[in-house]
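In what follows, a structure is listed as C-alpha cells, so that the remarks can point back to it.
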Amino acid sequence: MSTNIPEEKSSRNEKGKNILIIILILLVIISGIKLYFDSVDKSQKTEEILILSEDNNNLNLRIDSMAYQLDLRINEIQQLGGDVDSLIMLKEQLIQERTTDRNRSAAEIAQLNKKIDGFSNVLTKKDQEIAQLKQVNEQLFTENQDLKTSKAEIEDSIVQLNLKQEELKEKVNIAQKLHAENIVISAVSSRGREREGSFRNRQLEKLKISFDITENKVAEPGTKDIYVQVVAPNNLVIFDIAKGSGTFTIDGREEFYTAKQDILYDNSLKKLIYLYEKGTDYPEGVYQIKIYSEGFNIGNKSFEIK
C-alpha cells in the first residue's frame, strides 16, 4: 500500500503537467490565429488606403489634363476673337479643386470624375465653335482680299450699320419685356414633402422653383427661352451639364444657367415649374434665383440653406 501511493501521486502530477502543456499550446495557437487575422485586417486597410490614394492621384492627373485642354481652347478662341468667359470659369473651378482638396473620399472622387466627364462635352462643343470661327475668319480674310471699295463706300456702309443699330435699339426700348411674378422656392424631400422659405440639406432632395410669366399684350408672341440661375453664396452659378445646364448670352457676355425651359408664349399668363436635383449638399448661406428671357432679367428671389 505504501509503495503505490507515491506512484499514484507521480501519475497525477504527470497528468497535470500534460494538461498544463496542452492549455499553453492552445493559448499559443489562439494567439497566433488572432495575430494572423489582425495582420490580414491591417493589410486590407492598407490596400484600401493605397487604392484610394492612387484614385486620388489619377483624378489630379485628370484635373491637370483638363485644365491644360481648357487653356488650349481659351488661347485659340481668344486669337479667333471668340468668347472665353465660360471656359475661364471652368478652369478656375478646376484650379480650386486641385489646390484645396487633395484628400478626397471615394464618393467625392466619383463625383469629380463625373463632373470632368461633363467638361469633356464642353470641349467638344468648343472645338466645333473653333472650327466655325476659323471658317468665318477664313471667309472674312478672302472677302477682305477681294474687297475693293472706296473710302466713301466704306463710310457709307458704317453709317448704314449705325442707323440699323439705332433702329434695333429703339425697337428693343419700345418692346415690353416679360415679367416673372409669384416666384416660389421650395425644398422637395425624398418623400415628396415641400417646404418653403429657409430649409436644411436633409430636407432638400430637389429644388423646386415655380413662377408665373405674366400677361403682356405688347410682347411679340412665339417661342421664348426662359433661363433660371441658382446663384450660390460665393456668387457662382450652380450648374451641371449632365443635367441640362448650359450657357446663354446676357449683356454681351456668356453666362451659365442652371435650368432652362422653352415655352410658346401667346401673350397670356403662363405657369412654369423647374425641378433641379443637385448631386451634393448645398453649402449654407443665402442663394439667389435669377430668371432671364430675351436678354432681360425678368425676376429675382432669394432663399436660405441653414
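Here, A, B, ... name the chains of the C-alpha cells in the order displayed, residue numbers run from 1 inside each chain, and ligands are numbered from 1 in the same displayed order.
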Can you tell me, as an mmCIF file with C-alpha atoms, in the first residue's frame, what residues are no more than 12 Å from Tyr287 (chain A) when counting only C-alpha atoms, ignoring any on the same chain fewer than 3 positions away?
data_model
loop_
_atom_site.group_PDB
_atom_site.id
_atom_site.type_symbol
_atom_site.label_atom_id
_atom_site.label_comp_id
_atom_site.auth_asym_id
_atom_site.auth_seq_id
_atom_site.Cartn_x
_atom_site.Cartn_y
_atom_site.Cartn_z
ATOM 1 C CA ILE A 185 -38.867 78.412 -53.975
ATOM 2 C CA GLY A 197 -38.601 79.684 -47.022
ATOM 3 C CA SER A 198 -35.370 78.538 -45.388
ATOM 4 C CA PHE A 199 -34.527 74.843 -45.094
ATOM 5 C CA LEU A 207 -35.070 72.293 -55.529
ATOM 6 C CA GLN A 229 -29.832 80.711 -62.495
ATOM 7 C CA VAL A 230 -29.308 79.382 -58.964
ATOM 8 C CA VAL A 231 -26.506 81.569 -57.593
ATOM 9 C CA ALA A 232 -24.608 80.216 -54.569
ATOM 10 C CA PRO A 233 -23.421 82.403 -51.645
ATOM 11 C CA ASN A 234 -19.981 82.608 -53.352
ATOM 12 C CA ASN A 235 -21.679 84.285 -56.375
ATOM 13 C CA LEU A 236 -21.055 81.267 -58.633
ATOM 14 C CA VAL A 237 -23.904 79.811 -60.680
ATOM 15 C CA ILE A 238 -24.785 76.200 -59.774
ATOM 16 C CA TYR A 282 -25.612 72.837 -50.784
ATOM 17 C CA PRO A 283 -23.254 74.999 -48.699
ATOM 18 C CA GLU A 284 -25.044 77.026 -46.039
ATOM 19 C CA LYS A 290 -32.399 84.907 -61.206
ATOM 20 C CA ASN A 300 -35.371 87.548 -58.774
ATOM 21 C CA LYS A 301 -35.831 85.919 -55.393
ATOM 22 C CA SER A 302 -33.612 84.582 -52.598
ATOM 23 C CA PHE A 303 -33.723 81.603 -50.239
ATOM 24 C CA GLU A 304 -31.547 80.331 -47.412
ATOM 25 C CA ILE A 305 -29.906 76.992 -46.651
ATOM 26 C CA LYS A 306 -29.241 76.563 -42.921
#
Exercise: Ala187 (chain A) partners within 9 Å, only C-alpha atoms, chain neighbours under 6 positions left out, as number ranges by chain: A: 193-201, 203-209
Pairwise distance for CA of Gly279 (chain A) and CA of Glu181 (chain A), rounded to one decimal in Å: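 Computing the Euclidean distance for CA of Gly279 (chain A) and CA of Glu181 (chain A) yields 28.5 Å.
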Would you write out, as a tab-separated table, a table of all residues in region 78-138 of chain A that have an atom no more than 10 Å from an atom of region 249-253 of chain A, listing for each the closest atom pair and the distance in Å to one decimal, considering only C-alpha atoms and ordering rows by chain and rising residue number?
residue	atom	partner	partner_atom	distance
A:Asp83	CA	A:Arg253	CA	7.6
A:Val84	CA	A:Arg253	CA	9.3
A:Asp85	CA	A:Arg253	CA	7.4
A:Ser86	CA	A:Arg253	CA	9.2
Output all heavy atoms for every residue in the selection just made, as a PDB file, in the first residue's frame.
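Output contents, as saved in part_6.pdb:
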ATOM      1  N   ASP A  83     -15.666  84.262 -77.502  1.00  0.00           N
ATOM      2  CA  ASP A  83     -15.922  84.497 -76.081  1.00  0.00           C
ATOM      3  C   ASP A  83     -15.401  83.305 -75.265  1.00  0.00           C
ATOM      4  O   ASP A  83     -15.725  82.152 -75.566  1.00  0.00           O
ATOM      5  CB  ASP A  83     -17.426  84.672 -75.862  1.00  0.00           C
ATOM      6  CG  ASP A  83     -17.744  85.255 -74.492  1.00  0.00           C
ATOM      7  OD1 ASP A  83     -16.973  85.025 -73.540  1.00  0.00           O
ATOM      8  OD2 ASP A  83     -18.770  85.929 -74.378  1.00  0.00           O
ATOM      9  N   VAL A  84     -14.603  83.587 -74.241  1.00  0.00           N
ATOM     10  CA  VAL A  84     -13.988  82.516 -73.445  1.00  0.00           C
ATOM     11  C   VAL A  84     -14.376  82.579 -71.972  1.00  0.00           C
ATOM     12  O   VAL A  84     -13.776  81.886 -71.145  1.00  0.00           O
ATOM     13  CB  VAL A  84     -12.443  82.551 -73.577  1.00  0.00           C
ATOM     14  CG1 VAL A  84     -12.015  82.273 -75.002  1.00  0.00           C
ATOM     15  CG2 VAL A  84     -11.881  83.892 -73.090  1.00  0.00           C
ATOM     16  N   ASP A  85     -15.391  83.378 -71.622  1.00  0.00           N
ATOM     17  CA  ASP A  85     -15.752  83.546 -70.203  1.00  0.00           C
ATOM     18  C   ASP A  85     -16.113  82.221 -69.541  1.00  0.00           C
ATOM     19  O   ASP A  85     -15.691  81.930 -68.411  1.00  0.00           O
ATOM     20  CB  ASP A  85     -16.931  84.524 -70.072  1.00  0.00           C
ATOM     21  CG  ASP A  85     -16.520  85.944 -70.419  1.00  0.00           C
ATOM     22  OD1 ASP A  85     -15.301  86.210 -70.454  1.00  0.00           O
ATOM     23  OD2 ASP A  85     -17.412  86.776 -70.627  1.00  0.00           O
ATOM     24  N   SER A  86     -16.917  81.395 -70.232  1.00  0.00           N
ATOM     25  CA  SER A  86     -17.353  80.136 -69.620  1.00  0.00           C
ATOM     26  C   SER A  86     -16.179  79.177 -69.417  1.00  0.00           C
ATOM     27  O   SER A  86     -16.099  78.476 -68.408  1.00  0.00           O
ATOM     28  CB  SER A  86     -18.413  79.467 -70.488  1.00  0.00           C
ATOM     29  OG  SER A  86     -17.898  79.148 -71.778  1.00  0.00           O
TER      30      SER A  86
END
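Atom to atom, CA of Ala67 (chain A) and CA of Asp281 (chain A) stand 24.9 Å apart.
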Sorted by chain and rising residue number, which residues of region 52-97 of chain A lie within 8 Å of region 126-150 of chain A, and what are their closest atom pairs and distances in Å to one decimal, counting only C-alpha atoms, as JSON lines?
{"residue": "A:Arg73", "atom": "CA", "partner": "A:Lys126", "partner_atom": "CA", "distance": 7.3}
{"residue": "A:Glu76", "atom": "CA", "partner": "A:Ile130", "partner_atom": "CA", "distance": 7.5}
{"residue": "A:Ile77", "atom": "CA", "partner": "A:Ile130", "partner_atom": "CA", "distance": 6.3}
{"residue": "A:Leu80", "atom": "CA", "partner": "A:Leu133", "partner_atom": "CA", "distance": 6.3}
{"residue": "A:Gly82", "atom": "CA", "partner": "A:Leu133", "partner_atom": "CA", "distance": 7.5}
Distance of CA of Val218 (chain A) from CA of Leu272 (chain A), expressed in Å to one decimal place: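 Between CA of Leu272 (chain A) and CA of Val218 (chain A) the gap works out to 20.5 Å.
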